[in-house]
Each structure stands twice: as structure tokens, then as C-alpha cells.
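Structure record follows, encoded as C-alpha cells.
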Amino acid sequence: MAKSLFSRRSFTASAAFAVVAPLVESSQSEAAAVKPVEKPGGKGNLRRITLYAERMPDGQLGYGLEPGKATIPGPLIEIVEGDTLEIEMVNNLNVTASLHVHGVDYDTASDGTRMNNSVVEPGGRRTYTWRTHAPGRRPGGSVEPGSAGYWHYHDHVVGTDHGTGGIRQGLYGPLVVRRKGDVRPDKQFTVVFNDMNINNRPAHQAPEFVAKVGERVEWIVITHGEFYHTFHIHGHRWADNRTGLLEHPKDQTRIIDTKITGPAESFGFQLIAGERVGPGAWMYHCHVQSHADMGMAGIFMVTDADGNVPDHSGGGHSGHSTGTHH
Amino acid sequence: MAKSLFSRRSFTASAAFAVVAPLVESSQSEAAAVKPVEKPGGKGNLRRITLYAERMPDGQLGYGLEPGKATIPGPLIEIVEGDTLEIEMVNNLNVTASLHVHGVDYDTASDGTRMNNSVVEPGGRRTYTWRTHAPGRRPGGSVEPGSAGYWHYHDHVVGTDHGTGGIRQGLYGPLVVRRKGDVRPDKQFTVVFNDMNINNRPAHQAPEFVAKVGERVEWIVITHGEFYHTFHIHGHRWADNRTGLLEHPKDQTRIIDTKITGPAESFGFQLIAGERVGPGAWMYHCHVQSHADMGMAGIFMVTDADGNVPDHSGGGHSGHSTGTHH
Amino acid sequence: MAKSLFSRRSFTASAAFAVVAPLVESSQSEAAAVKPVEKPGGKGNLRRITLYAERMPDGQLGYGLEPGKATIPGPLIEIVEGDTLEIEMVNNLNVTASLHVHGVDYDTASDGTRMNNSVVEPGGRRTYTWRTHAPGRRPGGSVEPGSAGYWHYHDHVVGTDHGTGGIRQGLYGPLVVRRKGDVRPDKQFTVVFNDMNINNRPAHQAPEFVAKVGERVEWIVITHGEFYHTFHIHGHRWADNRTGLLEHPKDQTRIIDTKITGPAESFGFQLIAGERVGPGAWMYHCHVQSHADMGMAGIFMVTDADGNVPDHSGGGHSGHSTGTHH
């Protein structure tokens, strides 16, 4: 099981590297993705992975799928409704740490809180079990929602009993629970507004994401810390529902390009890169003015079919300091 | 009318007391609920209650259904679309106070503002009339929404012309307008984020709510004051719509376990206690890290069928100071 | 084209003036609206307007459709899905300015950012092109959302590369993209929460909006700057979807009368003035207590059929300082 999972992962990981074509950097280049394997039968799978909590060379904290490979955000974990994921967390930190998840099904033994005695001492390891299920009807007739969603995981004990210190230093990551039949994206980008930074990057160094015109790009947006933010992308928009996609052309769900979000909220959506607007350097940023001015801004680089981008000046854009794309 | 209402109330109140089984405290133990009586005909009822605005022994302010019985939050008032509620407010405070409501139909004479001369002098009384209606179609064909929702009421004049002082000290309460056909919950819990506290409780003493596995629990969440918050429950989630319940299994409404909310917003939802996660002590808290750390956290205690809860350490959890459940 | 547009505009502008009947002021009295002309064929139109960025007599900045006619908020621009709007912006300021829009389709050349070299030097002019489209299906079968929505435009370069200085001083305005078949309102009101003010008005001088009982009123609510706010109207409510109107009586979309909103978010809705509550002076305000107390509050004046309003005391209400309605 674990074996097939990892081989699958290595495959998707190399695919993920396509996201970071020579000219750019991307948080996806760092976080090897854990992707699901769907069984023809549609029956859920049991998956097992090991997650290492470690201190990184720069002093921040991260989760990784292999020792010495921790990233911020942690690995993108993607499963399908019905799957069960057993995560053995290895705590290579010198403080007690844990793994708390949003959205899926877990016993208090997998809560990741000190209150429920589900934390991991330094040097220790503990298995957390996440279960998921498809939507259905309860005996009484009411609808039980499925587990599908854009969720996330984080430490719940470093620094305070709510994990304030662990989250601040980088112990968090994205979780996507896919519904059978959901459209798979070509690329996935994770943006975490954590206090006044994006993905714990220094100011003005937010990740630059790249896609070709027409590629289906999935954005996973998570907020942590103290502040509220408003996530905005230039030239693109999405539906404010589970998938970001309308169900039918008359669907009256709000279409938005800016969304207020607060700590521990997460949402995601798919868009078609450059649809009706073409290639170019499109800003994404927090639209709280002081946050954008202080560097909570990056670039969604949409290339043409040949991977080229119309020239543009890097002068103005604070998030563009890496300007390595020419 | 009033008579049948009160007899009904006393009945549901005792039912409500079941919420606070020996081992716990609950805001519902303090706020006797005003419950609706549905007529077979489905025609709305006229109800009458008296609401007393008083200073409580601890110096805070509250609304109550009887003199000397004020609570924070005030009584849970529940009516059915079509009902009219006449509330005679008696002001036992030494300052002018009022009753302003969200969501339902009222004339400016029931606005509860100084601007509309609808406030109550010290020692005075005034009748506020709240009307409700079912959804329907306007002559022009557009849909008129019904009054159903998770609403709330509060003072609008103590301290400032917006009731800032009255709200801060406790003059607020929940209002549920039920739609005919809506599923009735087994238990109802009200959580009010008011500045940096929950239900005006001291830090680290948020109410502990108890339900048995499988019980249908309704949460009513209201925010007041200055700050935004993100409401989160461990191990449970809901649909971000009117009821918190999906309409059908393919409904694409977002399923969430964390929601940003600001002053005077209110929302509610029903969940099945321990569904797919089992009994245990599940935290609910504001997920703004400093707010949680400062004590905006409590416990949703889910017991097994026998009323027992798997043991857990109270060590870490700040909201667990009452720890009277063993 | 431009000619027919302007003649149309002058017509709707005079209609708009009806909003500000003798007794009141209104932001709509200042912002002449750009309204669409719908072709029988339903094919989109190409429209052209000129927008002047100027310093106003009071020292603030604004956009206007004619020299010396700048307003805050800028002109209400309304188009229909399928339309293309060419806006020649004339920069009469002594600093570089630009025009950035939310929600519609534009190339990077119309991004309005320094990064994309789409700004306007002092004394210069530049044409920005906004395109729109109706919803439809992509070749792959997924739904492409239409451009309809309550959007907005603003400067993106004055003061900082995110336009913080331009927005603070007034360079912003509303954009409504209508879907064919959408109900047209009788009146439109724009409320912009910009830092701690409404429409850049002094504290306690928010616009007073007037409508007759039964009129269909459209509210366009935009937020800018640093802070989050909660928009609330007394005695009225709306559906939290694209139009503010339910699709059918069983639609489970949340009905709200208070909504949290952050910088660059925008939403809108239609309501029937005084529906089930009658004429009167209804407050609208930010419900963050200190914001309301400091003057982020105004009046929605609903008159009877004869244009009369039940008397009310202006004593308490901070936003009521103009009190010219008796």
C-alpha cells in the first residue's frame, strides 16, 4: 500500500515540478504531493504515509514526507471520499508537537490536542487516522454531507495548547478531499496567509506560480494566525461554493475575485489560466492595503502555449523581487 | 394566549434542563427557552411574552422572562414563520434601554432606537411587535424570502445610540425563526462571541455543552462588539446555508468547520453529535490564535448512550476549567 | 455609439435625480450613471466613455465623466453581459494614476498596474478595455461563469503600487454587470466603506438614501482600505447570492441583514423599500460598534406613496446630522 502510494507520489511529484519550469519558483516545487489512487470499484482505499515534523535549516518548522525534506506549507495531501489515511507522525523536534486536521472524520485519539492526549513527545511517533465518506442520506432522511473539500492540517500544541507557536513557525499544510467525479486540475497552488506573510516567506518574496493558458489550475487558500485577509487574483474569478465551479449556467452562486478569510478558514477553486484574458503576469495578493504594500503579493504567471510571457516591468510589483523569468 | 405560551415554555424549559445533565453547566440551563406551538392549520399564532431588562448580581446586564431571572445570553426565543410575537419589555435598569431585533418584520415603532423614539425609560415598559412570514412570490413574480433564520436581539441605546454599552454588558439574546417542515433539534446551544469573551463569561470559562452521540444538536452563533472571530468545532462540520443541512446529496454548498464572523452577524446549523467520530470532549473555539489562547474556547462534550465520556486530560485545555464531568 | 450612450446616460441621470427628492442628499445625485442600452438581438454592444481623474475642490480625488465633475464614489457604470466598454481615462492629476477593475475580462494592458505598464502619467490619457460574457459551457463540459455581478473599479498606483493613496482619497467607483433577464431596479444606492468613512464623507455625514414604499432598490456595497466591516440595514434583508434574490421559495440560501466584508470585496442586492415594515427612517450602518459610534451610519428614508415620512427624532442618530427632511 504505502509502496504503491509513494511510487504514485514520486510520479505526481515530478509532474508537479513542471509547475516550476526553469524560470520560476513555486511552493509546489518544495512540497511533494500525496496523490490518491482511485480503485475502479470506487471502494475507498487505506493509505499510509509517514510525516516528519522537523526544524528546517532556516530555523522554521515544517512537515515533510521524508527526513530532512520538510517544507512550508507541508505536503499537499489529496484523498478521495471513502479513503482512510493513516499518518505516522515522527516528531524530530525538541518540543512536543501534534497533527490536527480539519474537515475529515477522526476519533479524539487523532485530535492532535493535549486535552485528548493525542500529541507526540520529542523523538516519539504516533499514528493519526483520518477517515472520509461520500455524501448520503441518514435513516431519518436528512442529508449527510460528504468529506470533500479544501481542508488543512496543522500543529495544535507547540507554543500554546492551540499550537500558536507551531503554526506561526510553519507547521501546517493543505488537504484536498476529492469527490468521485470531481474534475482533476492540471496544477495545484497553495497560498497560506499566515499572520503577515504568505507561506512563511519573507515579505515581497511570495511564491510565483506558473501555468500555460488553458490549463486548469486549482488554488488552495488557507489562513492562519491573527489577522483577517482578503484574497484577490487579477483577471480571474471563481464561484463561492465547494468547487469554485458553477453547477449549471443558471446557478446564482456569487462569482467573486476577492474573498475575506480568517484564521483556520480554507477554501479552494479551479480556474482556467488566462481564460478570456490571455497570458501575462497576473498579481494575486491580500487586498488589505497595508498587507499588500508590506509584501503579501505574488504573481500568477500565465504563459502562452510555448511557455512565453508578454514582457512586463518588474518595477512596480513588490512580490516580483525574484524577477527570474526572463 | 400568553398562558398557553408559558405552560409550553415551562415544558420545553424542563426539556432544556436535560441539556445540563448533572455533570455540566450550559448557557441553556440559564436561559429558559420560549418555544413555538404549531397550529395544525399552519396559521400563524399571536404570542405575548414579557421581557425584563435588569442588572444582574454580578453587575452585568441581562434580559429575562421573569423578574430576577435575567440571563446572558437572554432567553432563546423560537417562533414559526407566520407567528407574531408581542414582547412587553420592562426596563428595571436605571438607564434608558431598548430591544432591537434582526431578521423579522417590525415597524419603526419597534425599531428599538432613540432615533425612532422606540426606547424604554428606566422603570418604564413598552411593547415591541415582531411579525414573520413564509416565503412566497410577489405580484411581479420575484421571490419574497421568508423570515426563517438564526437571528438575534439586542439593546440599541445603552451607552451609545448603537447600544455599545448595553451589548458589552450582556443585553443580547438568540432568536430562531423556524420554517414549517424544518427539522426540530434535540438540543440547542447558543454561543455569542462578544468582544473577547463567550457569552460574557470570564476567560477560560466558556460554557460546556453536552449531548449524547446521535442527538441532533442545533448551534446558534452570534457575534457582538469590536472584533472579527472564526468559529470552529473539532470533529464536526456543517453546510454554509440557511439550515446548515444540505438539500440533497449533490448540493454543492460549501461544507465548513470554521467560519469568519463579525459584529451582529448570526448563523446556525444542526449537526449529529459524534457522527462518524464518536463520543469525547470536542473543543469549540475562536480560531484567531490569540483569542483561543486568551480563553475563547469551550467543550462540546459528546457522551455515549449511557452518558459516559471517554476519559481525557483537562490539563491543556483552557476552556476546561470547570472540569466537573467525572 | 458614445453619443447614444451619453444621451442614454443623461436620461437615466435625470431619473437618478429622482432619488434625491428635494428633501435629501444622495451619493447618486453626484454620480451620473452610465447605463446600458440593450439591443433587441441580445448581441453585446461596444460602448465608449471618457473618465477623468481629478483633484476635487475639497482636495480629495475622484473620477468623473466630464472635466470638473468628479465624484466619490465615481460614476456608477452599468453594462450587460456581452458588452465591451472602452474607457479613455484622462489623468488630470499631477501624479501617475490608473484604472483597475474587478470581475470583468481585460488584457494585462488594461490591468491598471505599474507592473504591467498600464498606468497613466500626469496629463496623459489611456484607453482601458473591459469585456464581458454570458455564462456557458466549456468544450470540456464544465460551466464558465458569466461576468454578471456587483463589481468595482479603483486606482492601482497612487501612493503605492497597490493604489493605497488613490483609494484612500477617493479614486474608486461601482460597476454593475447585468445579466439579460435580470430585474432592473427603480433606484440604486452605492455604499463604500473606505477605512473609517462611508463614501469618503466626514464622520456622521453618511449619505441619506430615499425611496418610496414598494420601490425596488438596489444596494451596491464596496469595501476599501484597512478594516473589515459588517454592513447592516434596519427592517430589510436579502439573500446572500449573486442577485440578493432567491431563485424559488424553497431556495435554502441564507437570508441576512448583516454581512462581514473586507477591502476590495463587493456585493449587491435588491430589496423592496418598506416591504412588510412600512415607511420610516431606517438606519444602515457598519455594525462594528466603534465604527457605528464614530459615524459610519446613515439613513435609508422610506417614504409613503405621497413622499411623506413618519416623523422621527433626529436626536440620537449620528448619521442624521443633515436632518433636512422636515
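In the C-alpha cells, chains take letters A, B, ... by order of appearance, with residues numbered from 1 within each chain and ligands from 1 in the order shown.
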
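Inside region 183-302 of chain C, the residues DSSP reads as helix (DSSP H, G or I) when given the backbone are Gln289, Ser290, His291, Ala292 and Asp293 of chain C.
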
Saved selection, atoms kept: N, CA, C and O atoms, as a compact mmCIF listing (two decimals), in the first residue's frame:
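File selection-v3.txt, as written:
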```txt
# COMPACT_ATOMS: atom_id res chain seq x y z
N GLN C 289 -19.17 48.04 16.58
CA GLN C 289 -19.72 49.07 17.47
C GLN C 289 -18.98 50.39 17.42
O GLN C 289 -19.61 51.45 17.31
N SER C 290 -17.65 50.36 17.47
CA SER C 290 -16.92 51.63 17.47
C SER C 290 -17.08 52.36 16.14
O SER C 290 -17.11 53.59 16.09
N HIS C 291 -17.19 51.59 15.06
CA HIS C 291 -17.34 52.22 13.75
C HIS C 291 -18.68 52.95 13.66
O HIS C 291 -18.76 54.08 13.18
N ALA C 292 -19.73 52.30 14.14
CA ALA C 292 -21.05 52.95 14.13
C ALA C 292 -21.03 54.18 15.03
O ALA C 292 -21.48 55.26 14.63
N ASP C 293 -20.44 54.01 16.21
CA ASP C 293 -20.40 55.14 17.15
C ASP C 293 -19.61 56.31 16.58
O ASP C 293 -19.91 57.47 16.85
```

Please identify all residues of chain B having at least one atom at most 8 Å from any atom of chain C, considering only C-alpha atoms, and return them as a ChimeraX atom specification. /B:102-108,111,113-117,135-137,142-145,149,160-162,164,224-227,241-243,247,261-265

Just list the residues in region 144-287 of chain C DSSP gives strand (DSSP E or B) on the backbone, as a ChimeraX atom specification. /C:144,149-154,172-178,187-194,197-198,208-212,216-224,229-233,238-239,255-256,258-261,266-272,280-286

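Relative to CA of Gly68 (chain B), CA of Met196 (chain B) is found at 26.5 Å.
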
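What separates CA of Asp83 (chain A) from CA of Pro139 (chain A) is a distance of 22.6 Å.
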
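For the pair CA of Glu88 (chain B) and CA of Arg125 (chain B), the separation is 6.5 Å.
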
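Taking only C-alpha atoms into account, His100 (chain B) lies nearest to B:Asp155 out of the set B:Glu86, B:Asp58, B:Asp304, B:Asp155.
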
Name all residues at most 7 Å from Ala206 (chain C) (count only C-alpha atoms; drop same-chain ones fewer than 3 positions away) and give them as a compact mmCIF listing (two decimals) with C-alpha atoms, in the first residue's frame.
```txt
# COMPACT_ATOMS: atom_id res chain seq x y z
CA ILE C 198 -18.63 55.98 4.05
CA ARG C 201 -17.77 61.60 3.73
CA MET C 296 -20.31 55.02 9.93
CA ALA C 297 -24.09 55.20 9.84
CA GLY C 298 -26.70 56.73 7.56
CA GLY C 319 -25.64 59.83 10.67
```

May I have the residues within 7 Å of Phe267 (chain A) as a list in words, using only C-alpha atoms and disregarding those fewer than 3 positions away in the same chain? Tyr150, Ile220, Val221 and Ile222 of chain A

Next, write the just-selected residues to a file, as a PDB file, in the first residue's frame, keeping N, CA, C and O atoms as the atom set.
```
ATOM      1  N   TYR A 150     -11.732  21.592   0.534  1.00  0.00           N
ATOM      2  CA  TYR A 150     -10.359  22.088   0.591  1.00  0.00           C
ATOM      3  C   TYR A 150     -10.045  22.326   2.055  1.00  0.00           C
ATOM      4  O   TYR A 150     -10.445  23.337   2.631  1.00  0.00           O
ATOM      5  N   ILE A 220      -5.594  26.516  -3.582  1.00  0.00           N
ATOM      6  CA  ILE A 220      -6.000  26.142  -2.231  1.00  0.00           C
ATOM      7  C   ILE A 220      -5.531  27.271  -1.326  1.00  0.00           C
ATOM      8  O   ILE A 220      -4.333  27.555  -1.241  1.00  0.00           O
ATOM      9  N   VAL A 221      -6.482  27.948  -0.688  1.00  0.00           N
ATOM     10  CA  VAL A 221      -6.166  29.135   0.104  1.00  0.00           C
ATOM     11  C   VAL A 221      -6.500  28.881   1.572  1.00  0.00           C
ATOM     12  O   VAL A 221      -7.633  28.519   1.911  1.00  0.00           O
ATOM     13  N   ILE A 222      -5.509  29.051   2.421  1.00  0.00           N
ATOM     14  CA  ILE A 222      -5.645  28.789   3.861  1.00  0.00           C
ATOM     15  C   ILE A 222      -5.178  30.034   4.613  1.00  0.00           C
ATOM     16  O   ILE A 222      -4.260  30.727   4.163  1.00  0.00           O
TER      17      ILE A 222
END
```
